[in-house]
Structures are given as C-alpha cells and as structure tokens.
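work22.cif (mmCIF, C-alpha atoms)
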```cif
data_work
loop_
_atom_site.group_PDB
_atom_site.id
_atom_site.type_symbol
_atom_site.label_atom_id
_atom_site.label_comp_id
_atom_site.auth_asym_id
_atom_site.auth_seq_id
_atom_site.Cartn_x
_atom_site.Cartn_y
_atom_site.Cartn_z
ATOM 1 C CA LEU A 5 -63.448 133.495 51.307
ATOM 2 C CA ILE A 6 -61.506 132.628 48.153
ATOM 3 C CA SER A 7 -61.716 136.176 46.850
ATOM 4 C CA ASP A 8 -60.199 137.394 50.128
ATOM 5 C CA LEU A 9 -56.981 135.527 49.332
ATOM 6 C CA GLY A 10 -56.047 137.941 46.566
ATOM 7 C CA ALA A 11 -53.083 136.738 44.499
ATOM 8 C CA GLU A 12 -52.794 133.612 46.651
ATOM 9 C CA ALA A 13 -56.155 132.414 45.295
ATOM 10 C CA ALA A 14 -54.339 131.229 42.173
ATOM 11 C CA ASN A 15 -52.574 128.604 44.310
ATOM 12 C CA VAL A 16 -55.826 127.165 45.660
ATOM 13 C CA GLU A 17 -57.295 124.119 43.940
ATOM 14 C CA ILE A 18 -61.059 123.817 44.212
ATOM 15 C CA ALA A 19 -63.108 120.637 44.174
ATOM 16 C CA THR A 20 -66.889 120.602 44.293
ATOM 17 C CA LYS A 21 -69.722 118.212 43.508
ATOM 18 C CA PHE A 22 -72.859 117.909 41.425
ATOM 19 C CA SER A 23 -75.720 116.052 43.072
ATOM 20 C CA SER A 24 -77.806 114.020 40.633
ATOM 21 C CA LEU A 25 -80.730 114.011 43.052
ATOM 22 C CA PRO A 26 -83.463 115.674 40.971
ATOM 23 C CA TRP A 27 -84.771 117.800 43.847
ATOM 24 C CA SER A 28 -81.365 119.203 44.858
ATOM 25 C CA SER A 29 -82.107 122.623 43.343
ATOM 26 C CA LEU A 30 -85.630 122.653 44.755
ATOM 27 C CA LEU A 31 -84.128 122.952 48.224
ATOM 28 C CA VAL A 32 -82.695 126.372 47.318
ATOM 29 C CA GLY A 33 -85.573 127.650 45.219
ATOM 30 C CA GLY A 34 -84.520 126.226 41.843
ATOM 31 C CA GLY A 35 -86.189 123.798 39.486
ATOM 32 C CA VAL A 36 -85.954 120.036 39.093
ATOM 33 C CA ARG A 37 -82.573 118.897 37.836
ATOM 34 C CA VAL A 38 -82.958 117.063 34.540
ATOM 35 C CA GLY A 39 -80.757 116.607 31.497
ATOM 36 C CA LYS A 40 -77.449 118.028 30.356
ATOM 37 C CA GLN A 41 -78.325 121.697 30.841
ATOM 38 C CA ALA A 42 -78.982 121.291 34.561
ATOM 39 C CA VAL A 43 -75.416 120.072 35.057
ATOM 40 C CA LEU A 44 -73.975 123.064 33.226
ATOM 41 C CA GLU A 45 -76.210 125.478 35.148
ATOM 42 C CA ALA A 46 -75.094 123.994 38.473
ATOM 43 C CA LEU A 47 -71.466 124.276 37.394
ATOM 44 C CA GLU A 48 -71.921 127.898 36.365
ATOM 45 C CA GLY A 49 -73.443 128.560 39.784
ATOM 46 C CA SER A 50 -70.338 127.106 41.438
ATOM 47 C CA LEU A 51 -68.110 129.280 39.259
ATOM 48 C CA THR A 52 -70.077 132.377 40.249
ATOM 49 C CA ARG A 53 -69.891 131.555 43.963
ATOM 50 C CA THR A 54 -66.159 130.841 43.878
ATOM 51 C CA GLY A 55 -65.310 133.761 41.610
ATOM 52 C CA ARG A 56 -63.203 131.474 39.438
ATOM 53 C CA GLY A 57 -63.212 130.809 35.708
ATOM 54 C CA TYR A 58 -62.871 127.052 36.208
ATOM 55 C CA ILE A 59 -63.191 124.269 38.770
ATOM 56 C CA ASP A 60 -60.129 122.071 39.270
ATOM 57 C CA LEU A 61 -62.081 118.913 40.136
ATOM 58 C CA TYR A 62 -65.800 118.523 39.432
ATOM 59 C CA GLN A 63 -67.328 115.395 40.965
ATOM 60 C CA LEU A 64 -70.576 113.461 40.602
ATOM 61 C CA ASP A 65 -71.906 112.876 44.109
ATOM 62 C CA CYS A 66 -73.279 109.330 44.629
ATOM 63 C CA PRO A 67 -74.424 107.009 41.813
ATOM 64 C CA PHE A 68 -78.042 108.095 42.084
ATOM 65 C CA PRO A 69 -80.121 107.614 38.876
ATOM 66 C CA TYR A 70 -80.199 110.915 36.986
ATOM 67 C CA LEU A 71 -83.112 112.355 35.017
ATOM 68 C CA GLY A 72 -81.495 112.166 31.614
ATOM 69 C CA GLY A 73 -79.256 109.228 32.352
ATOM 70 C CA LEU A 74 -75.517 108.849 32.676
ATOM 71 C CA GLU A 75 -75.077 109.939 29.059
ATOM 72 C CA ALA A 76 -76.473 113.397 29.833
ATOM 73 C CA LEU A 77 -74.070 113.719 32.753
ATOM 74 C CA THR A 78 -71.041 112.715 30.695
ATOM 75 C CA GLU A 79 -72.025 114.908 27.751
ATOM 76 C CA ALA A 80 -72.293 117.898 30.095
ATOM 77 C CA LEU A 81 -68.948 117.190 31.713
ATOM 78 C CA ALA A 82 -67.263 116.713 28.342
ATOM 79 C CA GLU A 83 -68.658 120.047 27.132
ATOM 80 C CA ALA A 84 -67.523 121.747 30.339
ATOM 81 C CA ARG A 85 -64.050 120.294 29.839
ATOM 82 C CA ASP A 86 -63.939 121.477 26.214
ATOM 83 C CA ARG A 87 -65.034 124.977 27.280
ATOM 84 C CA GLY A 88 -62.320 125.092 29.938
ATOM 85 C CA LEU A 89 -64.799 125.236 32.811
ATOM 86 C CA ILE A 90 -63.376 122.167 34.552
ATOM 87 C CA ARG A 91 -59.923 120.627 34.574
ATOM 88 C CA ALA A 92 -60.701 117.148 35.863
ATOM 89 C CA VAL A 93 -63.742 115.038 36.734
ATOM 90 C CA GLY A 94 -64.323 112.579 39.531
ATOM 91 C CA VAL A 95 -67.040 110.669 41.340
ATOM 92 C CA SER A 96 -67.968 110.228 44.979
ATOM 93 C CA ASN A 97 -69.150 107.133 46.878
ATOM 94 C CA TYR A 98 -69.026 104.900 43.808
ATOM 95 C CA GLY A 99 -68.659 101.169 44.451
ATOM 96 C CA VAL A 100 -66.882 98.687 42.198
ATOM 97 C CA GLU A 101 -69.590 98.216 39.562
ATOM 98 C CA ASP A 102 -70.716 101.855 39.518
ATOM 99 C CA LEU A 103 -67.108 102.954 39.139
ATOM 100 C CA LYS A 104 -66.570 100.643 36.159
ATOM 101 C CA THR A 105 -69.783 101.876 34.537
ATOM 102 C CA ALA A 106 -68.831 105.529 35.006
ATOM 103 C CA TYR A 107 -65.307 104.897 33.724
ATOM 104 C CA ALA A 108 -66.636 103.298 30.535
ATOM 105 C CA ALA A 109 -69.159 106.114 30.000
ATOM 106 C CA PHE A 110 -66.507 108.815 30.451
ATOM 107 C CA ASP A 111 -64.080 106.971 28.184
ATOM 108 C CA LYS A 112 -66.524 107.283 25.259
ATOM 109 C CA PHE A 113 -66.032 111.048 25.481
ATOM 110 C CA ASP A 114 -62.270 110.761 26.005
ATOM 111 C CA LEU A 115 -62.886 112.088 29.508
ATOM 112 C CA PRO A 116 -60.465 110.591 32.062
ATOM 113 C CA LEU A 117 -62.007 109.677 35.408
ATOM 114 C CA ALA A 118 -59.541 111.174 37.867
ATOM 115 C CA THR A 119 -60.860 110.394 41.361
ATOM 116 C CA ASN A 120 -63.346 108.493 43.505
ATOM 117 C CA GLN A 121 -64.074 109.958 46.941
ATOM 118 C CA ILE A 122 -64.773 107.155 49.397
ATOM 119 C CA ARG A 123 -64.824 106.514 53.135
ATOM 120 C CA TYR A 124 -61.393 105.185 54.005
ATOM 121 C CA SER A 125 -59.316 105.255 57.167
ATOM 122 C CA VAL A 126 -57.093 103.050 59.283
ATOM 123 C CA VAL A 127 -60.164 101.617 61.016
ATOM 124 C CA ASP A 128 -62.542 101.735 58.034
ATOM 125 C CA ARG A 129 -60.961 99.626 55.302
ATOM 126 C CA GLU A 130 -64.061 98.358 53.536
ATOM 127 C CA ALA A 131 -62.693 99.897 50.328
ATOM 128 C CA GLU A 132 -59.781 97.451 50.549
ATOM 129 C CA LYS A 133 -61.869 94.442 51.508
ATOM 130 C CA SER A 134 -64.426 94.984 48.735
ATOM 131 C CA GLY A 135 -61.766 95.242 46.054
ATOM 132 C CA LEU A 136 -62.624 98.886 45.349
ATOM 133 C CA LEU A 137 -59.067 100.127 45.887
ATOM 134 C CA ALA A 138 -57.764 97.463 43.536
ATOM 135 C CA VAL A 139 -60.217 98.561 40.837
ATOM 136 C CA CYS A 140 -59.246 102.207 41.370
ATOM 137 C CA LYS A 141 -55.610 101.261 40.852
ATOM 138 C CA GLU A 142 -56.462 99.198 37.765
ATOM 139 C CA LEU A 143 -58.365 102.114 36.198
ATOM 140 C CA ASN A 144 -55.809 104.717 37.329
ATOM 141 C CA VAL A 145 -58.450 106.441 39.458
ATOM 142 C CA VAL A 146 -57.083 108.129 42.588
ATOM 143 C CA PRO A 147 -59.046 107.375 45.795
ATOM 144 C CA ILE A 148 -59.880 110.446 47.868
ATOM 145 C CA ALA A 149 -60.279 109.334 51.477
ATOM 146 C CA SER A 150 -63.095 111.088 53.318
ATOM 147 C CA GLU A 151 -63.312 110.906 57.119
ATOM 148 C CA PRO A 152 -59.689 109.693 57.195
ATOM 149 C CA LEU A 153 -59.486 110.275 60.957
ATOM 150 C CA ALA A 154 -62.697 108.313 61.645
ATOM 151 C CA GLN A 155 -64.663 111.174 63.194
ATOM 152 C CA GLY A 156 -61.726 112.104 65.402
ATOM 153 C CA LEU A 157 -61.072 108.607 66.755
ATOM 154 C CA LEU A 158 -57.612 108.443 65.148
ATOM 155 C CA THR A 159 -56.459 111.768 66.586
ATOM 156 C CA GLY A 160 -55.960 109.988 69.900
ATOM 157 C CA LYS A 161 -57.867 112.699 71.786
ATOM 158 C CA PHE A 162 -60.450 110.211 73.025
ATOM 159 C CA HIS A 163 -57.688 108.023 74.475
ATOM 160 C CA GLU A 164 -55.789 110.654 76.457
ATOM 161 C CA HIS A 165 -54.900 109.771 80.068
ATOM 162 C CA GLN A 166 -55.908 106.200 79.310
ATOM 163 C CA HIS A 167 -53.348 104.773 81.703
ATOM 164 C CA GLU A 168 -54.851 106.770 84.569
ATOM 165 C CA SER A 169 -58.567 106.118 84.289
ATOM 166 C CA GLY A 170 -59.237 104.178 81.104
ATOM 167 C CA ALA A 171 -60.573 105.576 77.878
ATOM 168 C CA MET A 172 -62.199 108.988 77.993
ATOM 169 C CA PRO A 173 -65.986 108.812 77.922
ATOM 170 C CA THR A 174 -67.603 110.380 74.850
ATOM 171 C CA SER A 175 -71.035 110.395 73.296
ATOM 172 C CA ARG A 176 -69.510 109.592 69.905
ATOM 173 C CA PHE A 177 -67.828 106.325 70.872
ATOM 174 C CA SER A 178 -68.690 103.955 73.676
ATOM 175 C CA ARG A 179 -66.111 103.052 76.301
ATOM 176 C CA ASN A 180 -65.945 99.508 74.928
ATOM 177 C CA GLU A 181 -65.260 100.809 71.425
ATOM 178 C CA LEU A 182 -62.451 103.012 72.696
ATOM 179 C CA ILE A 183 -60.924 100.114 74.574
ATOM 180 C CA LEU A 184 -61.176 97.945 71.444
ATOM 181 C CA TYR A 185 -59.294 100.475 69.318
ATOM 182 C CA ARG A 186 -56.778 101.404 72.022
ATOM 183 C CA PRO A 187 -54.019 99.032 70.741
ATOM 184 C CA ILE A 188 -54.244 100.632 67.299
ATOM 185 C CA ILE A 189 -53.978 104.132 68.759
ATOM 186 C CA ASN A 190 -50.968 103.026 70.815
ATOM 187 C CA LEU A 191 -49.330 101.588 67.694
ATOM 188 C CA LEU A 192 -49.899 104.828 65.763
ATOM 189 C CA ARG A 193 -48.267 106.716 68.648
ATOM 190 C CA PHE A 194 -45.322 104.318 68.658
ATOM 191 C CA ILE A 195 -44.785 104.620 64.897
ATOM 192 C CA GLY A 196 -45.046 108.403 65.156
ATOM 193 C CA ALA A 197 -42.480 108.571 67.930
ATOM 194 C CA PHE A 198 -39.946 106.709 65.771
ATOM 195 C CA SER A 199 -40.807 108.714 62.652
ATOM 196 C CA GLY A 200 -39.539 112.045 63.836
ATOM 197 C CA GLY A 201 -42.156 112.757 66.484
ATOM 198 C CA LYS A 202 -45.269 112.547 64.301
ATOM 199 C CA THR A 203 -48.710 112.642 65.905
ATOM 200 C CA THR A 204 -51.273 109.844 65.702
ATOM 201 C CA SER A 205 -53.246 111.918 63.196
ATOM 202 C CA GLN A 206 -50.211 112.388 60.987
ATOM 203 C CA VAL A 207 -49.398 108.680 61.017
ATOM 204 C CA ALA A 208 -53.010 107.711 60.295
ATOM 205 C CA LEU A 209 -53.109 110.080 57.314
ATOM 206 C CA ASN A 210 -49.688 109.058 56.035
ATOM 207 C CA TYR A 211 -50.795 105.424 56.091
ATOM 208 C CA LEU A 212 -53.510 106.312 53.579
ATOM 209 C CA ILE A 213 -51.016 108.205 51.441
ATOM 210 C CA CYS A 214 -48.821 105.102 51.414
ATOM 211 C CA LYS A 215 -51.864 103.162 50.193
ATOM 212 C CA GLY A 216 -52.200 105.526 47.224
ATOM 213 C CA ALA A 217 -55.078 107.639 48.570
ATOM 214 C CA ILE A 218 -55.442 111.391 49.111
ATOM 215 C CA PRO A 219 -56.906 112.010 52.582
ATOM 216 C CA ILE A 220 -59.144 115.052 53.075
ATOM 217 C CA PRO A 221 -59.547 115.583 56.832
ATOM 218 C CA GLY A 222 -61.704 118.374 58.179
ATOM 219 C CA VAL A 223 -59.885 121.383 59.615
ATOM 220 C CA LYS A 224 -61.372 123.867 62.099
ATOM 221 C CA ASN A 225 -58.419 126.030 63.041
ATOM 222 C CA VAL A 226 -54.831 126.949 62.198
ATOM 223 C CA ALA A 227 -53.334 124.461 64.667
ATOM 224 C CA GLN A 228 -55.201 121.592 63.058
ATOM 225 C CA ALA A 229 -54.172 122.785 59.596
ATOM 226 C CA ARG A 230 -50.527 122.777 60.613
ATOM 227 C CA GLU A 231 -50.835 119.293 62.036
ATOM 228 C CA ILE A 232 -52.448 118.023 58.841
ATOM 229 C CA ILE A 233 -49.655 119.528 56.730
ATOM 230 C CA GLY A 234 -47.254 117.473 58.840
ATOM 231 C CA ALA A 235 -48.793 114.291 57.459
ATOM 232 C CA ALA A 236 -47.156 114.993 54.090
ATOM 233 C CA GLY A 237 -43.527 115.223 53.036
ATOM 234 C CA TRP A 238 -42.479 111.886 54.538
ATOM 235 C CA ARG A 239 -43.346 108.189 54.268
ATOM 236 C CA MET A 240 -43.935 105.416 56.752
ATOM 237 C CA SER A 241 -41.482 102.595 56.251
ATOM 238 C CA GLU A 242 -42.722 99.496 54.449
ATOM 239 C CA ASN A 243 -42.177 97.566 57.671
ATOM 240 C CA ASP A 244 -44.346 99.982 59.671
ATOM 241 C CA VAL A 245 -47.135 99.714 57.081
ATOM 242 C CA GLU A 246 -46.932 95.913 57.202
ATOM 243 C CA VAL A 247 -46.993 95.848 61.009
ATOM 244 C CA LEU A 248 -50.024 98.145 61.084
ATOM 245 C CA ASP A 249 -51.759 95.983 58.460
ATOM 246 C CA GLU A 250 -51.119 92.892 60.583
ATOM 247 C CA ARG A 251 -52.511 94.523 63.730
ATOM 248 C CA LEU A 252 -55.589 95.696 61.837
ATOM 249 C CA ALA A 253 -56.142 92.180 60.511
ATOM 250 C CA GLU A 254 -55.925 90.894 64.086
ATOM 251 C CA LEU A 255 -58.479 93.502 65.136
ATOM 252 C CA ASP A 256 -60.819 92.384 62.364
ATOM 253 C CA ARG A 257 -60.543 88.774 63.520
ATOM 254 C CA GLU A 258 -61.174 89.764 67.144
ATOM 255 C CA MET A 259 -64.225 91.800 66.185
ATOM 256 C CA ALA A 260 -65.530 88.892 64.118
ATOM 257 C CA ARG A 261 -64.950 86.525 67.039
ATOM 258 C CA ARG A 262 -66.933 88.783 69.351
ATOM 259 C CA GLY A 263 -69.622 89.364 66.756
ATOM 260 C CA ILE A 264 -68.935 93.093 66.713
ATOM 261 C CA LEU A 265 -69.888 95.207 63.721
ATOM 262 C CA SER A 266 -68.062 98.513 63.497
ATOM 263 C CA LYS A 267 -70.269 101.584 63.680
ATOM 264 C CA LEU A 268 -67.804 103.568 61.610
ATOM 265 C CA PRO A 269 -68.903 102.708 58.020
ATOM 266 C CA VAL A 270 -72.047 104.475 56.834
ATOM 267 C CA ASP A 271 -75.003 102.322 55.799
ATOM 268 C CA MET A 272 -75.390 102.966 52.058
ATOM 269 C CA THR A 273 -77.867 100.141 51.408
ATOM 270 C CA TRP A 274 -80.567 102.743 50.801
ATOM 271 C CA LEU A 275 -79.038 103.214 47.351
ATOM 272 C CA ASP A 276 -80.130 99.677 46.450
ATOM 273 C CA GLU A 277 -83.643 100.071 47.788
ATOM 274 C CA GLU A 278 -86.703 101.498 46.093
ATOM 275 C CA VAL A 279 -86.588 105.260 46.425
ATOM 276 C CA ARG A 280 -89.777 107.235 46.979
ATOM 277 C CA LEU A 281 -89.517 110.463 44.996
ATOM 278 C CA PRO A 282 -91.496 113.654 45.600
ATOM 279 C CA GLY A 283 -94.648 113.740 43.461
ATOM 280 C CA GLU A 284 -93.423 116.493 41.111
ATOM 281 C CA VAL A 285 -90.129 114.702 40.531
ATOM 282 C CA GLN A 286 -91.762 111.303 40.004
ATOM 283 C CA ALA A 287 -94.157 112.776 37.429
ATOM 284 C CA LEU A 288 -91.244 114.324 35.528
ATOM 285 C CA LEU A 289 -89.316 111.060 35.654
ATOM 286 C CA ASP A 290 -92.314 109.112 34.331
ATOM 287 C CA GLU A 291 -92.751 111.620 31.516
ATOM 288 C CA PHE A 292 -89.056 111.476 30.627
ATOM 289 C CA GLN A 293 -88.970 107.672 30.599
ATOM 290 C CA GLY A 294 -92.115 107.613 28.454
ATOM 291 C CA LYS A 295 -90.464 109.838 25.861
ATOM 292 C CA LYS A 296 -87.385 107.624 25.771
ATOM 293 C CA LYS A 297 -89.534 104.595 24.974
#
```
Let's see the structure in the file written out as structure tokens.
Amino acid sequence: LISDLGAEAANVEIATKFSSLPWSSLLVGGGVRVGKQAVLEALEGSLTRTGRGYIDLYQLDCPFPYLGGLEALTEALAEARDRGLIRAVGVSNYGVEDLKTAYAAFDKFDLPLATNQIRYSVVDREAEKSGLLAVCKELNVVPIASEPLAQGLLTGKFHEHQHESGAMPTSRFSRNELILYRPIINLLRFIGAFSGGKTTSQVALNYLICKGAIPIPGVKNVAQAREIIGAAGWRMSENDVEVLDERLAELDREMARRGILSKLPVDMTWLDEEVRLPGEVQALLDEFQGKKK
C-alpha cells in the first residue's frame, strides 16, 4: 500500500510495534523471541514489509517481561537509532510505574521516550484519574490516544433520532448505556454547532488534542478520513473544555451513585497475574534465568 503512493510515500509517517511476547514470531512460523537480536530482526522485517529505510516511531507493545530483560530491548533500540533505522521510540499500554521504569532505562542510552499509546477518550479518562497523563507531561512523553471515539460511541451514530424513539438499539452498547451517555453526546453536538459546525467526532477528538494527546481513530473510508482531518486545525475554547470536564465529572458521580462500572476500559489485570507460558517458551526462560544467576 505504501509503495503504491509513489513520491507521496515520503510524506507518510509510519509507526509500528514490537511485541515482547516470546511466542509472537511462533505464530507466523518464526522462532522464540529472545534477546537484543530478536528486536533487530523484527524491525528489519517491518522495514522490508513497508519498503522504507527507517521507521518513524517504533514502539514496545505492553510491558510484558522480555526474554533478555528491559536492557536487551533498550540496547536494541539504541543500536537501531544509531544505525538510522528508527527516528523515535515509544511504548504502548504502559502504566505509571512501567512508564517511569522504561523512561529511566532509555535515558541510560540517551534514548528519549517519545510516546505512550494508551486508551483515552471523552468517556474513558482513566489515564487522567490514575495520574498517568500527569506523569507523561512530567517526562515530556506524548500520549497517543487509542480508541478515542470509544468504539464509535462518540460519533453520535448510536444516538441518531433519539428524540423520536429513544437511543438506537445496538449489540455494542445497551439501551441504558446509550441513555446514560446521551447528555454528553448532546453537549458535544452543541459545542460543535458553535465551533463552526463541527461534528461530535471532531469535538471529541479535539478535546483530546486540547489535553495534549494525539488521537488515532480508525478510518474505513474517505468520508471518515475527511471528517477526522476536520478535528485538527482549530481548538475548543478553554470554557468549552471546562464545561465538558464538569459534565463528565457529574457523569462519574452519577455512575458511582448507581454502582455502574463502565464497560469501555479494557481489563488489563491479566498483566499482574501469573502467566502460563507455552512449554517451549517456559523452558527457554528457565534456561535464560539460570544463566543470569
């Protein structure tokens, strides 16, 4: 796809990820990922597939324990940077403590940590509540907001014709959930109307931009791409941001009063639990840890 762009390909910035899960390559016929060399081999594979000489942003996906440790990861990324294979490094789904650990490890190699991709949207603000956004700002790490439209909820498409027959039924969100979020959707519409006719999606994305994040919504067609572009090039007023923050705080209090837990955030507690590795991978891990001792 990138090669089809011809000269325009030079204007495209590419971000991709390295999964530290040791069996990642096994799924496509490769070997177990272990040590510094596996990172470089994965990167070279990405370069081959994209037809580029470098990757603009190379990210570590999830703080999963790596066979070789964090030092092997950082050494590989530093070498890739020195060889001109990557221009910037980031992480994905790193919480407060993992982010601080990665930042310190990268700093030893004079390797700036550029980004942290996290779930963040108008209705999923756990990154704010946990202090993660504050830490990102402190470390000069830019948050990349994944699922910034909350699986389509913030496009307003599930609330069309709401004044005629209530919220539209959908298998993704229950009717009660749609009713609960309806005031927020209405407020996004109101702000958009007084901001030059912006859509709910554009306002929801611009809110994240105003918070210092880079939203990365999914795009399926040209019309959606054009709408997403319309989220940039302007700013919500400080008053509009404050009003939206106040309404979201009210929503949080109402949900707490009703004992409602949002279904929107993903359960990542599995990262803190004991992980059962495939036999081949566990044997390699045991051998590696034995050598380190």
Show which residues sit within 10 Å of A:Leu158, as a PyMOL selection string. Count all atoms listed in the file, and ignore same-chain residues fewer than 4 positions away. chain A and resi 125-127+152-154+162-163+185-186+188-189+192+203-209
Which one of A:Pro219, A:Gly72, A:Gly237, A:Gly55 sits closest to A:Arg37 if you count all atoms listed in the file? A:Gly72
Please check which residues have atoms at most 9 Å from (-61.8, 108.5, 45.3) in the file's coordinates, counting only C-alpha atoms, and write them as a PyMOL selection string. chain A and resi 94-98+118-123+137+140+145-150+217-218
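Distance-wise, atom CA of A:Asn180 and atom CA of A:Ala235 end up 28.6 Å apart.
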Work out how far atom CA of A:Glu246 is from atom CA of A:Gly200, in Å to one decimal.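 Atom-to-atom, atom CA of A:Gly200 to atom CA of A:Glu246, that is 18.9 Å.
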Draw an axis-aligned box over all listed atoms of stretch 191-209 of chain A, pad each side with 3 Å, and write its centre and edge lengths in Å, one decimal, as lines of an AutoDock Vina configuration file.
```
center_x = -46.4
center_y = 107.2
center_z = 63.0
size_x = 19.7
size_y = 17.2
size_z = 17.3
```
Once the PyMOL selection byres ((chain A and resi 101) around 12) has been applied to the shown file, what residues remain in the selection, as a compact mmCIF listing (two decimals) with C-alpha atoms, keeping the file's coordinate frame?
```
# COMPACT_ATOMS: atom_id res chain seq x y z
CA PRO A 67 -74.42 107.01 41.81
CA ASN A 97 -69.15 107.13 46.88
CA TYR A 98 -69.03 104.90 43.81
CA GLY A 99 -68.66 101.17 44.45
CA VAL A 100 -66.88 98.69 42.20
CA ASP A 102 -70.72 101.86 39.52
CA LEU A 103 -67.11 102.95 39.14
CA LYS A 104 -66.57 100.64 36.16
CA THR A 105 -69.78 101.88 34.54
CA ALA A 106 -68.83 105.53 35.01
CA TYR A 107 -65.31 104.90 33.72
CA ALA A 108 -66.64 103.30 30.54
CA SER A 134 -64.43 94.98 48.74
CA GLY A 135 -61.77 95.24 46.05
CA LEU A 136 -62.62 98.89 45.35
CA VAL A 139 -60.22 98.56 40.84
CA CYS A 140 -59.25 102.21 41.37
```
Would you mind telling me which residue in A:Pro187, A:Gly39, A:Pro221, A:Gly234 lies nearest to A:Leu248 when using all atoms listed in the file?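 Nearest candidate to A:Leu248 out of A:Pro187, A:Gly39, A:Pro221, A:Gly234: A:Pro187.
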From the list A:Lys215, A:Ala82, A:Cys66, A:Phe22, which residue is nearest A:Arg129 when using all atoms listed in the file?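 Ranked by minimum distance to A:Arg129, first place goes to A:Lys215.
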Output of the PyMOL selection byres ((chain A and resi 242) around 12), listed as an MDAnalysis selection string: chainID A and resid 195 210:211 214:215 239:241 243:249
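Counting all atoms listed in the file and comparing A:Ile220, A:Leu89, A:Leu212, A:Ala109, the residue that lies closest to A:Tyr62 is A:Leu89.
For the pair atom CA of A:Ser23 and atom CA of A:Lys224, the interatomic distance is 25.1 Å.
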So what does the PyMOL selection byres ((chain A and resi 83) around 12) actually pick up in this one, as a list in words?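 Output of the PyMOL selection byres ((chain A and resi 83) around 12): Lys40, Gln41, Val43, Leu44, Leu47, Ala76, Leu77, Thr78, Glu79, Ala80, Leu81, Ala82, Ala84, Arg85, Asp86, Arg87, Gly88, Leu89, Ile90, Arg91, Val93, Phe110, Phe113, Asp114 and Leu115 of chain A.
Take the candidates A:Asn190, A:Asn225, A:Ser24, A:Asn15 and check each one against A:Phe68 using only C-alpha atoms; the shortest distance goes to A:Ser24.
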Measuring between only C-alpha atoms, which one of A:Arg179, A:Glu250, A:Thr159, A:Gly216 shows the shortest distance to A:Glu231? A:Thr159
